[in-house]
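Undergrad: Structure file entry_9.cif, mmCIF, C-alpha atoms, is pasted below:
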data_structure
loop_
_atom_site.label_atom_id
_atom_site.label_comp_id
_atom_site.auth_asym_id
_atom_site.auth_seq_id
_atom_site.Cartn_x
_atom_site.Cartn_y
_atom_site.Cartn_z
CA GLY A 1 99.25 82.17 105.98
CA GLU A 2 99.84 84.23 102.89
CA ASN A 3 101.89 82.78 100.03
CA VAL A 4 103.25 85.08 97.33
CA GLU A 5 104.66 83.64 94.13
CA GLN A 6 106.68 85.73 91.69
CA HIS A 7 107.72 85.13 88.07
CA PRO A 8 110.07 85.20 86.32
CA SER A 9 113.07 84.79 88.58
CA THR A 10 115.34 86.43 86.02
CA LEU A 11 114.53 88.79 83.16
CA SER A 12 116.79 90.36 80.57
CA VAL A 13 115.56 93.10 78.27
CA GLN A 14 117.14 95.49 75.80
CA GLU A 15 117.31 99.09 76.83
CA GLY A 16 114.11 100.85 75.81
CA ASP A 17 111.99 97.71 75.89
CA SER A 18 109.33 96.97 78.49
CA ALA A 19 109.59 94.58 81.42
CA VAL A 20 106.72 92.80 83.14
CA ILE A 21 106.91 90.95 86.44
CA LYS A 22 103.95 88.97 87.75
CA CYS A 23 102.91 87.89 91.23
CA THR A 24 100.10 85.85 92.69
CA TYR A 25 98.91 85.75 96.27
CA SER A 26 96.80 83.27 98.18
CA ASP A 27 95.06 85.20 100.98
CA SER A 28 92.02 87.10 99.74
CA ALA A 29 92.26 89.29 102.85
CA SER A 30 95.46 90.90 101.57
CA ASN A 31 94.68 94.48 100.64
CA TYR A 32 97.98 96.27 100.07
CA PHE A 33 100.57 95.34 97.45
CA PRO A 34 103.89 97.18 97.34
CA TRP A 35 106.79 96.65 94.95
CA TYR A 36 110.36 97.08 96.07
CA LYS A 37 113.59 97.52 94.14
CA GLN A 38 116.73 96.22 95.77
CA GLU A 39 120.23 96.99 94.58
CA LEU A 40 123.20 94.94 95.66
CA GLY A 41 124.09 95.45 99.31
CA LYS A 42 121.17 97.81 99.97
CA GLY A 43 117.79 97.57 101.58
CA PRO A 44 114.56 97.30 99.58
CA GLN A 45 113.34 100.62 98.21
CA LEU A 46 109.63 101.14 97.65
CA ILE A 47 108.94 102.06 94.02
CA ILE A 48 105.18 101.81 93.79
CA ASP A 49 102.26 100.34 95.69
CA ILE A 50 98.60 99.63 95.12
CA ARG A 51 95.68 99.11 97.45
CA SER A 52 92.87 96.66 96.88
CA ASN A 53 90.32 99.33 96.06
CA VAL A 54 92.30 100.31 92.95
CA GLY A 55 92.84 98.30 89.77
CA GLU A 56 95.76 100.19 88.28
CA LYS A 57 98.29 102.82 89.30
CA LYS A 58 100.95 104.56 87.25
CA ASP A 59 103.98 106.63 88.17
CA GLN A 60 105.99 107.82 85.15
CA ARG A 61 107.56 104.69 83.59
CA ILE A 62 106.25 102.33 86.25
CA ALA A 63 102.75 100.92 86.50
CA VAL A 64 101.11 98.26 88.62
CA THR A 65 97.88 96.38 87.94
CA LEU A 66 95.81 94.36 90.38
CA ASN A 67 93.23 91.67 89.68
CA LYS A 68 91.56 90.87 92.99
CA THR A 69 89.38 88.14 91.56
CA ALA A 70 92.33 86.22 90.17
CA LYS A 71 94.57 87.25 93.06
CA HIS A 72 97.39 88.48 90.90
CA PHE A 73 99.22 91.74 90.38
CA SER A 74 101.88 92.84 87.96
CA LEU A 75 104.64 95.43 87.63
CA HIS A 76 105.21 97.07 84.27
CA ILE A 77 108.32 99.10 83.51
CA THR A 78 108.37 100.88 80.16
CA GLU A 79 111.32 102.41 78.32
CA THR A 80 113.75 100.50 80.50
CA GLN A 81 117.12 102.01 81.32
CA PRO A 82 120.34 100.38 82.57
CA GLU A 83 119.76 101.89 86.03
CA ASP A 84 116.57 99.85 86.27
CA SER A 85 118.76 96.76 86.63
CA ALA A 86 118.17 95.38 90.12
CA VAL A 87 116.18 92.74 92.00
CA TYR A 88 112.47 93.50 92.26
CA PHE A 89 110.24 92.08 94.97
CA CYS A 90 106.49 92.05 95.14
CA ALA A 91 104.77 91.78 98.50
CA ALA A 92 101.32 91.41 100.01
CA TYR A 93 100.05 92.78 103.30
CA ASP A 94 96.86 92.24 105.23
CA GLN A 95 96.39 95.26 107.43
CA THR A 96 93.60 93.60 109.38
CA GLY A 97 95.34 90.29 110.01
CA ALA A 98 98.98 89.27 110.11
CA ASN A 99 100.65 92.62 110.38
CA ASN A 100 103.62 92.03 108.17
CA LEU A 101 104.61 91.88 104.54
CA PHE A 102 104.86 88.58 102.71
CA PHE A 103 107.43 88.80 99.93
CA GLY A 104 107.83 87.03 96.65
CA THR A 105 111.14 85.40 95.81
CA GLY A 106 112.34 88.27 93.63
CA THR A 107 113.07 88.93 89.97
CA ARG A 108 116.55 89.88 88.85
CA LEU A 109 116.08 92.37 86.02
CA THR A 110 118.98 93.10 83.69
CA VAL A 111 118.66 95.91 81.18
CA ILE A 112 121.16 95.47 78.37
CA PRO A 113 122.47 98.77 76.95
CA ASP B 1 112.65 112.72 107.48
CA THR B 2 115.98 110.90 107.41
CA GLY B 3 114.60 107.45 106.66
CA VAL B 4 115.08 104.25 108.61
CA SER B 5 118.60 104.07 110.00
CA GLN B 6 120.42 100.87 110.94
CA ASP B 7 123.72 100.33 112.72
CA PRO B 8 126.15 98.72 112.18
CA ARG B 9 125.90 98.17 108.45
CA HIS B 10 128.30 95.25 108.59
CA LYS B 11 129.31 92.90 111.38
CA ILE B 12 131.67 89.95 111.31
CA THR B 13 131.65 87.83 114.42
CA LYS B 14 132.93 84.50 115.58
CA ARG B 15 130.52 81.67 116.18
CA GLY B 16 129.24 81.72 119.73
CA GLN B 17 129.56 85.46 120.20
CA ASN B 18 126.61 87.80 120.81
CA VAL B 19 125.74 90.62 118.43
CA THR B 20 123.34 93.53 118.68
CA PHE B 21 121.84 95.63 115.90
CA ARG B 22 120.14 98.96 116.32
CA CYS B 23 117.34 100.49 114.29
CA ASP B 24 116.06 104.06 114.33
CA PRO B 25 112.72 104.24 112.51
CA ILE B 26 111.29 107.21 110.67
CA SER B 27 110.14 109.69 113.27
CA GLU B 28 106.46 109.40 114.20
CA HIS B 29 106.27 105.86 112.83
CA ASN B 30 104.81 103.82 115.64
CA ARG B 31 105.26 100.44 113.98
CA LEU B 32 108.68 98.87 113.63
CA TYR B 33 109.52 95.58 111.96
CA TRP B 34 112.53 93.30 111.79
CA TYR B 35 113.11 91.07 108.77
CA ARG B 36 115.88 88.70 107.80
CA GLN B 37 117.10 88.23 104.23
CA THR B 38 119.49 85.60 102.94
CA LEU B 39 121.14 85.68 99.52
CA GLY B 40 118.72 85.10 96.67
CA GLN B 41 115.64 85.24 98.87
CA GLY B 42 113.05 87.80 99.76
CA PRO B 43 112.92 89.29 103.26
CA GLU B 44 111.33 87.07 105.92
CA PHE B 45 109.39 88.53 108.81
CA LEU B 46 110.89 88.15 112.29
CA THR B 47 108.93 90.41 114.61
CA TYR B 48 107.15 93.73 114.91
CA PHE B 49 106.40 96.39 117.50
CA GLN B 50 103.50 98.75 117.92
CA ASN B 51 105.07 101.52 119.97
CA GLU B 52 106.97 99.67 122.72
CA ALA B 53 104.84 96.51 122.61
CA GLN B 54 106.16 93.50 120.73
CA LEU B 55 102.98 92.17 119.15
CA GLU B 56 104.07 89.34 116.92
CA LYS B 57 107.02 86.99 116.57
CA SER B 58 107.79 84.59 113.77
CA ARG B 59 108.77 80.98 114.42
CA LEU B 60 112.07 82.00 112.78
CA LEU B 61 112.85 83.97 115.93
CA SER B 62 114.47 81.30 118.06
CA ASP B 63 115.13 81.79 121.77
CA ARG B 64 118.62 83.05 120.89
CA PHE B 65 117.02 86.12 119.34
CA SER B 66 115.55 88.97 121.35
CA ALA B 67 114.22 92.32 120.24
CA GLU B 68 113.32 95.35 122.28
CA ARG B 69 111.87 98.78 121.73
CA PRO B 70 111.94 100.18 125.25
CA LYS B 71 110.67 103.71 124.66
CA GLY B 72 108.75 103.14 121.48
CA SER B 73 111.43 104.82 119.39
CA PHE B 74 114.61 102.93 118.44
CA SER B 75 114.82 99.15 118.59
CA THR B 76 117.58 96.61 119.15
CA LEU B 77 117.85 93.07 117.87
CA GLU B 78 120.24 90.83 119.78
CA ILE B 79 121.44 87.43 118.68
CA GLN B 80 123.07 85.33 121.37
CA ARG B 81 125.49 82.46 120.76
CA THR B 82 125.60 83.15 117.03
CA GLU B 83 125.66 80.26 114.58
CA GLN B 84 126.84 80.22 110.97
CA GLY B 85 123.23 79.88 109.89
CA ASP B 86 122.55 83.31 111.35
CA SER B 87 124.62 84.90 108.59
CA ALA B 88 122.18 87.14 106.72
CA MET B 89 121.10 90.71 106.27
CA TYR B 90 118.85 91.97 109.05
CA LEU B 91 116.43 94.59 107.85
CA CYS B 92 114.45 97.05 109.88
CA ALA B 93 111.32 98.75 108.58
CA SER B 94 108.73 101.14 109.92
CA ASN B 95 105.33 102.65 109.19
CA ARG B 96 102.37 104.31 110.84
CA ASP B 97 99.67 102.03 112.16
CA VAL B 98 96.71 101.15 110.00
CA GLN B 99 94.47 103.71 111.64
CA SER B 100 96.39 106.42 109.86
CA SER B 101 95.97 107.44 106.27
CA GLY B 102 99.10 105.73 105.05
CA ASN B 103 100.62 102.39 105.91
CA THR B 104 103.52 102.31 103.47
CA ILE B 105 106.37 100.31 104.97
CA TYR B 106 109.84 101.76 104.53
CA PHE B 107 113.02 99.75 104.93
CA GLY B 108 116.46 100.65 106.16
CA GLU B 109 119.67 99.71 104.38
CA GLY B 110 120.12 96.61 106.51
CA SER B 111 122.80 95.20 108.75
CA TRP B 112 124.92 92.46 107.23
CA LEU B 113 125.96 89.72 109.64
CA THR B 114 128.69 87.23 108.83
CA VAL B 115 129.35 84.51 111.39
CA VAL B 116 132.73 82.80 110.93
#
In structure tokens, how does this file's structure come out?
TA:
Amino acid sequence: GENVEQHPSTLSVQEGDSAVIKCTYSDSASNYFPWYKQELGKGPQLIIDIRSNVGEKKDQRIAVTLNKTAKHFSLHITETQPEDSAVYFCAAYDQTGANNLFFGTGTRLTVIP
Amino acid sequence: DTGVSQDPRHKITKRGQNVTFRCDPISEHNRLYWYRQTLGQGPEFLTYFQNEAQLEKSRLLSDRFSAERPKGSFSTLEIQRTEQGDSAMYLCASNRDVQSSGNTIYFGEGSWLTVV
């Protein structure tokens, strides 16, 4: 089955700096890669996603890159703000095979004001 | 579009009791998923439905767990004879099937279970 690894497990940045979270996946059949933000006591909230036919996607301060050959994808948050503090999860999904998301272990991001 | 709705949000139960959680997916989403999440971990897949058919179950779903989606709309997840190890957040998610243009999976706020 799919195995998703995520690094780092914790990340602290100064407000205004950038944050980068990296994930690798094992199943080359995976073709959809969402990122979720989870605040304490709440469910995961989708913040951005990318499909395997695209190498990069940007939405305001958030961007995601995908390298299919190396089987890794990254989340980039620029101009971080204190409200960006949360746990971020990457995930991989194979829409033609196992019909569920495989999650990474999460990154706790702390933005220091 | 009111999002994925879960009820109850919190449940404390004594070991050995049965509990049931309900999930109302986003309307017109024909796929519905159940995940379990423990502290410090990512969500783990339990099972999913395509309309009313339960198409896949994880090995995590022991015989004490049962899920239904009788009319292809809301779903229930029942845990019988709860154990302390069942304490976790149970997440429901939904999306359209892959034949449609979008397959983004949206999660509810989760149902916290504490078994004492």
Undergrad: Could you work out which residues of chain A fall inside 10 Å of chain B? Count all atoms listed in the file, and format the result as a PyMOL selection string.
TA: chain A and resi 9+32-34+36+38+41-46+48-49+87-91+93+95-96+98-108
Undergrad: Given the file above and the PyMOL selection byres ((chain B and resi 71) around 12), which residues are selected, and can you give them as a list in words?
TA: Asp24, Asn30, Phe49, Gln50, Asn51, Glu52, Ala53, Gln54, Glu68, Arg69, Pro70, Gly72, Ser73, Phe74, Ser75 and Thr76 of chain B
Undergrad: Take atom CA of A:Asn53 and atom CA of A:Ser30 and report the distance between them in Å, one decimal.
TA: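 Here the two named atoms are 11.3 Å from each other.
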Undergrad: Name all residues at most 8 Å from A:Ser18 (count all atoms listed in the file; drop same-chain ones fewer than 5 positions away) and give them as a JSON list (two decimals) with C-alpha atoms, in the coordinates of the input.
TA:
[["chain", "number", "residue", "atom", "x", "y", "z"],
["A", 13, "VAL", "CA", 115.56, 93.10, 78.27],
["A", 76, "HIS", "CA", 105.21, 97.07, 84.27],
["A", 77, "ILE", "CA", 108.32, 99.10, 83.51],
["A", 78, "THR", "CA", 108.37, 100.88, 80.16],
["A", 79, "GLU", "CA", 111.32, 102.41, 78.32],
["A", 80, "THR", "CA", 113.75, 100.50, 80.50]]
Undergrad: Considering only C-alpha atoms, state which residue in the set A:Ala29, A:Val54, A:Leu40, A:Val64 is at the smallest distance from A:Asp94.
TA: A:Ala29
Undergrad: For B:Ala88, please output as a list of chain:residue names all residues within 8 Å (counting only C-alpha atoms; exclusion window: fewer than 6 positions along the same chain).
TA: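 Contacts, in chain order: B:Arg36, B:Gln37, B:Thr38, B:Leu39, B:Trp112, B:Leu113, B:Thr114.
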Undergrad: Could you write out the selected residues, including C-alpha atoms, as a PDB file, in the frame of the given file?
TA:
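Result saved to out32.pdb:
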ATOM      1  CA  ARG B  36     115.880  88.700 107.800  1.00  0.00           C
ATOM      2  CA  GLN B  37     117.100  88.230 104.230  1.00  0.00           C
ATOM      3  CA  THR B  38     119.490  85.600 102.940  1.00  0.00           C
ATOM      4  CA  LEU B  39     121.140  85.680  99.520  1.00  0.00           C
ATOM      5  CA  TRP B 112     124.920  92.460 107.230  1.00  0.00           C
ATOM      6  CA  LEU B 113     125.960  89.720 109.640  1.00  0.00           C
ATOM      7  CA  THR B 114     128.690  87.230 108.830  1.00  0.00           C
TER       8      THR B 114
END
